[in-house]
$ cat final_38.cif   # mmCIF, C-alpha atoms
data_my_file
#
loop_
_atom_site.label_atom_id
_atom_site.label_comp_id
_atom_site.auth_asym_id
_atom_site.auth_seq_id
_atom_site.Cartn_x
_atom_site.Cartn_y
_atom_site.Cartn_z
CA MET Z 20 -5.14 -20.37 11.08
CA ILE Z 21 -8.44 -20.09 9.22
CA PRO Z 22 -9.08 -16.58 7.89
CA THR Z 23 -12.33 -14.87 8.83
CA ALA Z 24 -14.48 -13.61 5.97
CA PHE Z 25 -14.47 -9.83 5.97
CA PRO Z 26 -18.30 -9.40 6.09
CA ILE Z 27 -18.37 -11.49 9.28
CA LEU Z 28 -15.44 -9.65 10.83
CA SER Z 29 -16.94 -6.29 9.92
CA ALA Z 30 -20.27 -7.23 11.50
CA LEU Z 31 -18.56 -8.46 14.68
CA ILE Z 32 -16.60 -5.24 15.06
CA ARG Z 33 -19.60 -3.00 14.42
CA MET Z 34 -22.00 -4.87 16.69
CA SER Z 35 -19.56 -5.46 19.55
CA HIS Z 36 -18.52 -1.80 19.44
CA LYS Z 37 -22.14 -0.64 19.45
CA TYR Z 38 -23.18 -2.85 22.37
CA GLY Z 39 -19.91 -2.74 24.32
CA VAL Z 40 -18.96 -6.41 24.08
CA GLN Z 41 -15.30 -5.71 24.71
CA ASP Z 42 -13.73 -9.15 24.38
CA ILE Z 43 -15.34 -9.83 21.00
CA TYR Z 44 -14.51 -6.30 19.85
CA ASP Z 45 -10.85 -6.60 20.85
CA THR Z 46 -10.42 -9.98 19.19
CA ALA Z 47 -12.12 -9.01 15.94
CA LEU Z 48 -10.35 -5.65 15.70
CA SER Z 49 -6.99 -7.26 16.41
CA ARG Z 50 -7.53 -9.65 13.52
CA LEU Z 51 -8.45 -6.79 11.18
CA LYS Z 52 -5.31 -4.91 12.22
CA LYS Z 53 -3.23 -7.94 11.28
CA PHE Z 54 -4.27 -7.32 7.70
CA TYR Z 55 -4.52 -3.52 7.72
CA THR Z 56 -1.27 -3.24 9.58
CA SER Z 57 0.96 -0.33 10.54
CA ASP Z 58 4.11 -2.43 10.21
CA PHE Z 59 5.85 -2.22 6.84
CA GLU Z 60 7.42 -5.69 6.89
CA THR Z 61 4.07 -7.22 7.80
CA TRP Z 62 2.42 -5.25 4.99
CA CYS Z 63 4.90 -6.68 2.49
CA ASP Z 64 4.03 -10.21 3.62
CA VAL Z 65 0.78 -10.37 1.67
CA GLU Z 66 0.33 -14.13 2.01
CA GLY Z 67 0.91 -13.91 5.75
CA ARG Z 68 -1.77 -11.25 6.15
CA LYS Z 69 -4.26 -13.40 4.27
CA HIS Z 70 -4.17 -15.90 7.14
CA TYR Z 71 -6.24 -13.51 9.26
CA VAL Z 72 -8.89 -12.09 6.95
CA GLN Z 73 -10.52 -13.27 3.74
CA THR Z 74 -11.02 -9.97 1.99
CA SER Z 75 -10.93 -8.13 -1.34
CA PRO Z 76 -9.50 -4.70 -2.21
CA ALA Z 77 -13.00 -3.18 -2.39
CA ASP Z 78 -13.46 -3.99 1.32
CA ALA Z 79 -10.98 -1.22 2.11
CA LEU Z 80 -13.86 1.22 1.67
CA ALA Z 81 -15.72 -0.40 4.55
CA VAL Z 82 -12.52 -0.48 6.63
CA ILE Z 83 -12.32 3.31 6.38
CA GLU Z 84 -15.87 3.52 7.71
CA ILE Z 85 -15.02 1.12 10.54
CA ALA Z 86 -11.96 3.22 11.40
CA HIS Z 87 -14.16 6.31 11.70
CA ILE Z 88 -16.86 4.57 13.72
CA THR Z 89 -14.46 2.94 16.19
CA ASP Z 90 -11.90 5.77 16.26
CA ASN Z 91 -9.03 3.63 15.00
CA PRO Z 92 -7.08 5.92 12.63
CA SER Z 93 -4.18 3.43 12.34
CA LEU Z 94 -6.42 1.36 10.03
CA MET Z 95 -6.79 4.25 7.60
CA PRO Z 96 -3.39 4.63 5.87
CA SER Z 97 -3.29 1.10 4.48
CA ALA Z 98 -7.02 1.21 3.69
CA TYR Z 99 -6.59 4.43 1.70
CA LEU Z 100 -3.54 2.89 0.06
CA ILE Z 101 -5.63 -0.03 -1.19
CA CYS Z 102 -8.37 2.36 -2.34
CA CYS Z 103 -5.80 4.08 -4.55
CA SER Z 104 -5.42 0.84 -6.52
CA LEU Z 105 -9.15 0.42 -7.16
CA ASP Z 106 -10.37 1.09 -10.70
CA THR Z 107 -13.55 2.62 -9.33
CA ILE Z 108 -14.42 3.76 -5.82
CA VAL Z 109 -17.50 1.60 -5.33
CA ARG Z 110 -18.76 -0.87 -2.78
CA ARG Z 111 -20.61 -4.05 -3.53
CA LYS Z 112 -23.69 -4.66 -1.45
CA ARG Z 113 -24.08 -8.19 -0.12
CA SER Z 114 -27.45 -9.87 0.14
CA HIS Z 115 -28.39 -12.27 2.92
CA ASP Z 116 -27.06 -15.27 1.02
CA GLN Z 117 -23.71 -13.45 0.56
CA MET Z 118 -24.15 -13.22 -3.22
CA LEU Z 119 -22.93 -10.00 -4.79
CA ASP Z 120 -25.58 -7.57 -5.97
CA ALA Z 121 -25.05 -4.61 -8.27
CA PRO Z 122 -22.40 -2.06 -7.29
CA MET Z 123 -23.50 1.03 -5.42
CA VAL Z 124 -21.82 4.36 -4.86
CA SER Z 125 -19.31 4.36 -2.03
CA GLU Z 126 -20.45 5.63 1.34
CA LEU Z 127 -17.15 7.45 1.79
CA THR Z 128 -17.53 11.06 2.78
CA PRO Z 129 -16.43 13.76 0.32
CA TRP Z 130 -13.44 14.37 2.58
CA ASP Z 131 -12.48 10.69 2.45
CA LEU Z 132 -12.79 10.69 -1.33
CA GLN Z 133 -10.58 13.75 -1.50
CA ARG Z 134 -7.99 11.95 0.62
CA VAL Z 135 -7.98 9.04 -1.82
CA PHE Z 136 -7.61 11.18 -4.93
CA THR Z 137 -5.05 13.56 -3.43
CA GLY Z 138 -3.10 10.68 -1.93
CA LYS Z 139 -3.07 8.84 -5.24
CA ALA Z 140 -1.49 11.86 -6.94
CA ARG Z 141 1.12 12.17 -4.19
CA LEU Z 142 1.97 8.47 -4.45
CA ALA Z 143 2.39 8.79 -8.20
CA GLN Z 144 4.89 11.59 -7.59
CA ARG Z 145 6.77 9.36 -5.18
CA ARG Z 146 6.79 6.57 -7.75
CA ALA Z 147 8.41 8.95 -10.25
CA THR Z 148 10.94 10.10 -7.66
CA GLY Z 149 11.72 6.47 -6.88
CA ILE Z 150 12.44 5.72 -10.53
CA LEU Z 151 14.96 8.55 -10.69
CA ALA Z 152 16.59 7.63 -7.37
CA VAL Z 153 17.04 3.97 -8.35
CA MET Z 154 18.44 4.89 -11.75
CA GLN Z 155 20.93 7.33 -10.22
CA ALA Z 156 22.17 4.74 -7.71
CA ALA Z 157 24.15 2.84 -10.35
CA PRO Z 158 27.04 2.69 -10.86
CA CYS Z 159 27.85 2.92 -7.16
CA LYS Z 160 31.18 3.89 -5.62
CA ASP Z 161 32.11 0.22 -5.11
CA CYS Z 162 31.01 -0.82 -8.61
CA ALA Z 163 32.93 -3.86 -9.87
CA LYS Z 164 32.21 -3.17 -13.54
CA ALA Z 165 31.56 0.54 -13.95
CA ASP Z 166 31.40 0.49 -17.74
CA ARG Z 167 28.88 -2.34 -17.83
CA CYS Z 168 26.68 -0.85 -15.11
CA SER Z 169 26.77 2.60 -16.71
CA MET Z 170 25.74 1.03 -20.02
CA ALA Z 171 22.95 -0.95 -18.34
CA THR Z 172 21.55 2.24 -16.81
CA LEU Z 173 21.89 4.18 -20.06
CA ARG Z 174 20.24 1.49 -22.16
CA THR Z 175 17.42 1.19 -19.65
CA LEU Z 176 16.76 4.92 -19.94
CA GLN Z 177 16.85 4.69 -23.72
CA ARG Z 178 14.35 1.85 -23.85
CA ILE Z 179 11.76 3.37 -21.49
CA ASP Z 180 9.57 5.94 -23.20
CA VAL Z 181 7.50 8.62 -21.49
CA ALA Z 182 4.27 6.69 -21.99
CA GLU Z 183 5.74 3.66 -20.19
CA ILE Z 184 6.81 5.79 -17.23
CA GLU Z 185 3.38 7.40 -17.05
CA SER Z 186 1.77 3.95 -17.19
CA SER Z 187 4.03 2.77 -14.39
CA MET Z 188 2.98 5.63 -12.15
CA HIS Z 189 -0.72 4.97 -12.73
CA ASP Z 190 -0.93 1.20 -13.11
CA LYS Z 191 1.71 0.10 -10.63
CA HIS Z 192 1.54 0.41 -6.88
CA VAL Z 193 4.04 2.69 -5.16
CA PHE Z 194 5.36 -0.35 -3.27
CA ASP Z 195 5.71 -2.57 -6.35
CA PRO Z 196 9.32 -3.53 -7.18
CA LEU Z 197 11.19 -0.87 -9.12
CA SER Z 198 14.64 -2.30 -9.78
CA SER Z 199 13.38 -5.57 -11.25
CA TRP Z 200 10.95 -3.62 -13.46
CA LEU Z 201 13.62 -1.24 -14.72
CA TRP Z 202 16.22 -3.91 -15.45
CA ARG Z 203 13.84 -6.69 -16.46
CA ARG Z 204 14.74 -6.74 -20.17
CA GLY Z 205 16.97 -9.65 -21.14
CA LEU Z 206 18.94 -7.62 -23.67
CA ILE Z 207 20.09 -5.13 -21.07
CA ALA Z 208 23.27 -5.97 -19.18
CA LYS Z 209 22.68 -6.78 -15.54
CA LEU Z 210 24.11 -4.64 -12.79
CA CYS Z 211 27.06 -5.97 -10.82
CA GLY Z 212 26.56 -7.33 -7.32
CA PRO Z 213 27.62 -4.17 -5.40
CA CYS Z 214 25.43 -1.94 -7.62
CA MET Z 215 22.43 -4.22 -7.26
CA LYS Z 216 22.87 -4.20 -3.50
CA VAL Z 217 22.98 -0.39 -3.43
CA VAL Z 218 19.99 -0.12 -5.77
CA ASP Z 219 17.96 -2.49 -3.58
CA ALA Z 220 18.93 -0.50 -0.46
CA VAL Z 221 17.91 2.81 -2.07
CA GLU Z 222 14.59 1.34 -3.17
CA LYS Z 223 13.87 -0.12 0.28
CA LYS Z 224 14.75 3.16 2.03
CA MET Z 225 12.44 5.12 -0.25
CA LYS Z 226 9.60 2.67 0.37
CA LEU Z 227 10.13 2.90 4.13
CA GLN Z 228 10.06 6.68 3.88
CA THR Z 229 6.81 6.54 1.94
CA TRP Z 230 5.29 4.07 4.40
CA CYS Z 231 6.17 6.28 7.36
CA LYS Z 232 4.65 9.28 5.58
CA LEU Z 233 1.37 7.60 4.62
CA PRO Z 234 -0.62 9.41 7.35
CA GLU Z 235 0.77 12.70 6.06
CA ILE Z 236 0.18 11.72 2.42
CA PHE Z 237 -3.48 10.99 3.17
CA HIS Z 238 -3.79 13.86 5.64
CA ILE Z 239 -4.69 11.64 8.58
CA HIS Z 240 -3.79 12.19 12.21
CA VAL Z 241 -2.50 8.89 13.59
CA PRO Z 242 -1.08 8.89 17.14
CA ALA Z 243 2.71 8.64 17.20
CA GLU Z 244 2.64 5.32 19.03
CA ALA Z 245 0.30 3.80 16.41
CA TRP Z 246 2.41 4.42 13.31
CA PRO Z 247 6.18 4.13 12.76
CA VAL Z 248 8.41 7.14 12.18
CA LEU Z 249 11.44 7.07 9.95
CA THR Z 250 13.98 7.02 12.76
CA ASP Z 251 12.35 3.86 14.13
CA VAL Z 252 12.53 1.84 10.91
CA LEU Z 253 15.99 2.86 9.69
CA VAL Z 254 18.00 2.19 12.83
#
$ encode --input "final_38.cif" --output "structure tokens"
Amino acid sequence: MIPTAFPILSALIRMSHKYGVQDIYDTALSRLKKFYTSDFETWCDVEGRKHYVQTSPADALAVIEIAHITDNPSLMPSAYLICCSLDTIVRRKRSHDQMLDAPMVSELTPWDLQRVFTGKARLAQRRATGILAVMQAAPCKDCAKADRCSMATLRTLQRIDVAEIESSMHDKHVFDPLSSWLWRRGLIAKLCGPCMKVVDAVEKKMKLQTWCKLPEIFHIHVPAEAWPVLTDVLV
């Protein structure tokens, strides 16, 4: 499948919505939703999503506008999520030959900007909570080498300073791997198989919880049928 360039897809959605060309609108919007998905597993498959749209993180700003214009709130949580990773909340204006001109201030409303900034703070808190939860998961009750796993956890705590944790919460995405980051140092003993399995399960559960709460985190009303709830994804 050849991905559609975002400027083209955006134009198709806007024009077909404005003039009521339903078949084009449905097709273009469906493709956009393949990238800005409500499904967590699909979201994690970054390379798979790239098959549908050729886009950049800054395009998430325009996706929020499209979601407002077309009344598709299910596009918003992942779009806001991407906005939280942007260094600056700007859009780049494209000229007719598709070359990038100078950046301009985002057209996001003040309320949308507040959602981004407030959501970013809430996600940072969840990142910190995730670090603690993953660290507390080892050694587990079925640990094969309790002494070694306890030492691995202790040494990891000793080697991570406050500045590194703060950097992790700001520079890393809330859905970036935690366990591999925490136990990445070669000098630290690795966790045993049972502990690693429990740690991975704890991390995945916390990420699913965060994903399901994204509408709440960004203070968006998304219809129940358009976004998963925790009971759906953990069964």
$ resolve_selection --input "final_38.cif" --expression "the PyMOL selection byres ((chain Z and resi 136-142) around 7)" --output "list in words"
Cys103, Leu132, Gln133, Arg134, Val135, Ala143, Gln144, Arg145, Arg146, Val193, Ile236 and Phe237 of chain Z
$ write_last_selection --input "final_38.cif" --atoms "C-alpha atoms" --output "compact mmCIF listing (two decimals), keeping the file's coordinate frame"
# COMPACT_ATOMS: atom_id res chain seq x y z
CA CYS Z 103 -5.80 4.08 -4.55
CA LEU Z 132 -12.79 10.69 -1.33
CA GLN Z 133 -10.58 13.75 -1.50
CA ARG Z 134 -7.99 11.95 0.62
CA VAL Z 135 -7.98 9.04 -1.82
CA ALA Z 143 2.39 8.79 -8.20
CA GLN Z 144 4.89 11.59 -7.59
CA ARG Z 145 6.77 9.36 -5.18
CA ARG Z 146 6.79 6.57 -7.75
CA VAL Z 193 4.04 2.69 -5.16
CA ILE Z 236 0.18 11.72 2.42
CA PHE Z 237 -3.48 10.99 3.17
$ resolve_selection --input "final_38.cif" --expression "the PyMOL selection byres ((chain Z and resi 196) around 12)" --output "PDB file with C-alpha atoms, keeping the file's coordinate frame"
ATOM      1  CA  CYS Z  63       4.900  -6.680   2.490  1.00  0.00           C
ATOM      2  CA  ARG Z 146       6.790   6.570  -7.750  1.00  0.00           C
ATOM      3  CA  GLY Z 149      11.720   6.470  -6.880  1.00  0.00           C
ATOM      4  CA  ILE Z 150      12.440   5.720 -10.530  1.00  0.00           C
ATOM      5  CA  VAL Z 153      17.040   3.970  -8.350  1.00  0.00           C
ATOM      6  CA  SER Z 187       4.030   2.770 -14.390  1.00  0.00           C
ATOM      7  CA  LYS Z 191       1.710   0.100 -10.630  1.00  0.00           C
ATOM      8  CA  HIS Z 192       1.540   0.410  -6.880  1.00  0.00           C
ATOM      9  CA  VAL Z 193       4.040   2.690  -5.160  1.00  0.00           C
ATOM     10  CA  PHE Z 194       5.360  -0.350  -3.270  1.00  0.00           C
ATOM     11  CA  ASP Z 195       5.710  -2.570  -6.350  1.00  0.00           C
ATOM     12  CA  LEU Z 197      11.190  -0.870  -9.120  1.00  0.00           C
ATOM     13  CA  SER Z 198      14.640  -2.300  -9.780  1.00  0.00           C
ATOM     14  CA  SER Z 199      13.380  -5.570 -11.250  1.00  0.00           C
ATOM     15  CA  TRP Z 200      10.950  -3.620 -13.460  1.00  0.00           C
ATOM     16  CA  LEU Z 201      13.620  -1.240 -14.720  1.00  0.00           C
ATOM     17  CA  TRP Z 202      16.220  -3.910 -15.450  1.00  0.00           C
ATOM     18  CA  ARG Z 203      13.840  -6.690 -16.460  1.00  0.00           C
ATOM     19  CA  VAL Z 218      19.990  -0.120  -5.770  1.00  0.00           C
ATOM     20  CA  ASP Z 219      17.960  -2.490  -3.580  1.00  0.00           C
ATOM     21  CA  VAL Z 221      17.910   2.810  -2.070  1.00  0.00           C
ATOM     22  CA  GLU Z 222      14.590   1.340  -3.170  1.00  0.00           C
ATOM     23  CA  LYS Z 223      13.870  -0.120   0.280  1.00  0.00           C
ATOM     24  CA  MET Z 225      12.440   5.120  -0.250  1.00  0.00           C
ATOM     25  CA  LYS Z 226       9.600   2.670   0.370  1.00  0.00           C
TER      26      LYS Z 226
END
$ resolve_selection --input "final_38.cif" --expression "the PyMOL selection byres ((chain Z and resi 21) around 7)" --output "list in words"
Met20, Pro22, Thr23, His70 and Tyr71 of chain Z
$ closest_residue --input "final_38.cif" --among "Z:Leu127, Z:Glu235, Z:Leu210, Z:Ile27" --to "Z:His87" --atoms "all atoms listed in the file"
Z:Leu127
$ residues_near_point --input "final_38.cif" --point "(-1.0, 0.6, 11.9)" --cutoff "6 Å" --atoms "all atoms listed in the file" --output "ChimeraX atom specification"
/Z:56-57,93-94,245-246
$ write_last_selection --input "final_38.cif" --atoms "C-alpha atoms" --output "short mmCIF file (atom, residue, chain, number, x, y, z; two decimals), in the frame of the given file"
data_model
loop_
_atom_site.label_atom_id
_atom_site.label_comp_id
_atom_site.auth_asym_id
_atom_site.auth_seq_id
_atom_site.Cartn_x
_atom_site.Cartn_y
_atom_site.Cartn_z
CA THR Z 56 -1.27 -3.24 9.58
CA SER Z 57 0.96 -0.33 10.54
CA SER Z 93 -4.18 3.43 12.34
CA LEU Z 94 -6.42 1.36 10.03
CA ALA Z 245 0.30 3.80 16.41
CA TRP Z 246 2.41 4.42 13.31
#
$ atom_distance --input "final_38.cif" --atom1 "atom CA of Z:Cys162" --atom2 "atom CA of Z:Trp230"
29.2 Å
$ residues_around --input "final_38.cif" --residues "Z:Ser169" --least-positions-apart "3" --cutoff "9 Å" --atoms "only C-alpha atoms" --output "ChimeraX atom specification"
/Z:157-158,164-166,172-174,210
$ residues_near_point --input "final_38.cif" --point "(-8.1, -12.3, 4.7)" --cutoff "12 Å" --atoms "only C-alpha atoms" --output "PDB file with C-alpha atoms, keeping the file's coordinate frame"
ATOM      1  CA  MET Z  20      -5.140 -20.370  11.080  1.00  0.00           C
ATOM      2  CA  ILE Z  21      -8.440 -20.090   9.220  1.00  0.00           C
ATOM      3  CA  PRO Z  22      -9.080 -16.580   7.890  1.00  0.00           C
ATOM      4  CA  THR Z  23     -12.330 -14.870   8.830  1.00  0.00           C
ATOM      5  CA  ALA Z  24     -14.480 -13.610   5.970  1.00  0.00           C
ATOM      6  CA  PHE Z  25     -14.470  -9.830   5.970  1.00  0.00           C
ATOM      7  CA  PRO Z  26     -18.300  -9.400   6.090  1.00  0.00           C
ATOM      8  CA  ILE Z  27     -18.370 -11.490   9.280  1.00  0.00           C
ATOM      9  CA  LEU Z  28     -15.440  -9.650  10.830  1.00  0.00           C
ATOM     10  CA  SER Z  29     -16.940  -6.290   9.920  1.00  0.00           C
ATOM     11  CA  ARG Z  50      -7.530  -9.650  13.520  1.00  0.00           C
ATOM     12  CA  LEU Z  51      -8.450  -6.790  11.180  1.00  0.00           C
ATOM     13  CA  LYS Z  52      -5.310  -4.910  12.220  1.00  0.00           C
ATOM     14  CA  LYS Z  53      -3.230  -7.940  11.280  1.00  0.00           C
ATOM     15  CA  PHE Z  54      -4.270  -7.320   7.700  1.00  0.00           C
ATOM     16  CA  TYR Z  55      -4.520  -3.520   7.720  1.00  0.00           C
ATOM     17  CA  VAL Z  65       0.780 -10.370   1.670  1.00  0.00           C
ATOM     18  CA  GLU Z  66       0.330 -14.130   2.010  1.00  0.00           C
ATOM     19  CA  GLY Z  67       0.910 -13.910   5.750  1.00  0.00           C
ATOM     20  CA  ARG Z  68      -1.770 -11.250   6.150  1.00  0.00           C
ATOM     21  CA  LYS Z  69      -4.260 -13.400   4.270  1.00  0.00           C
ATOM     22  CA  HIS Z  70      -4.170 -15.900   7.140  1.00  0.00           C
ATOM     23  CA  TYR Z  71      -6.240 -13.510   9.260  1.00  0.00           C
ATOM     24  CA  VAL Z  72      -8.890 -12.090   6.950  1.00  0.00           C
ATOM     25  CA  GLN Z  73     -10.520 -13.270   3.740  1.00  0.00           C
ATOM     26  CA  THR Z  74     -11.020  -9.970   1.990  1.00  0.00           C
ATOM     27  CA  SER Z  75     -10.930  -8.130  -1.340  1.00  0.00           C
ATOM     28  CA  PRO Z  76      -9.500  -4.700  -2.210  1.00  0.00           C
ATOM     29  CA  ASP Z  78     -13.460  -3.990   1.320  1.00  0.00           C
ATOM     30  CA  ALA Z  79     -10.980  -1.220   2.110  1.00  0.00           C
TER      31      ALA Z  79
END
$ residues_around --input "final_38.cif" --residues "stretch 31-45 of chain Z" --least-positions-apart "6" --cutoff "9 Å" --atoms "only C-alpha atoms" --output "list of chain:residue names"
Z:Ile85, Z:Ile88, Z:Thr89
$ axis_aligned_box --input "final_38.cif" --around "stretch 57-67 of chain Z" --padding-each-side "5 Å" --output "AutoDock Vina command-line options"
--center_x 3.9 --center_y -7.2 --center_z 6.1 --size_x 17.1 --size_y 23.8 --size_z 18.9
$ atom_distance --input "final_38.cif" --atom1 "atom CA of Z:Asp106" --atom2 "atom CA of Z:Trp62"
21.2 Å
$ atom_distance --input "final_38.cif" --atom1 "atom CA of Z:Cys159" --atom2 "atom CA of Z:Lys224"
16.0 Å
$ closest_residue --input "final_38.cif" --among "Z:Asp58, Z:Leu100, Z:Cys168, Z:Met215" --to "Z:Pro247" --atoms "all atoms listed in the file"
Z:Asp58
$ closest_residue --input "final_38.cif" --among "Z:Leu105, Z:Leu48, Z:Ala220, Z:Leu249" --to "Z:Val82" --atoms "all atoms listed in the file"
Z:Leu48
$ closest_residue --input "final_38.cif" --among "Z:Leu151, Z:Phe59, Z:Pro96, Z:Leu80" --to "Z:Val241" --atoms "all atoms listed in the file"
Z:Pro96
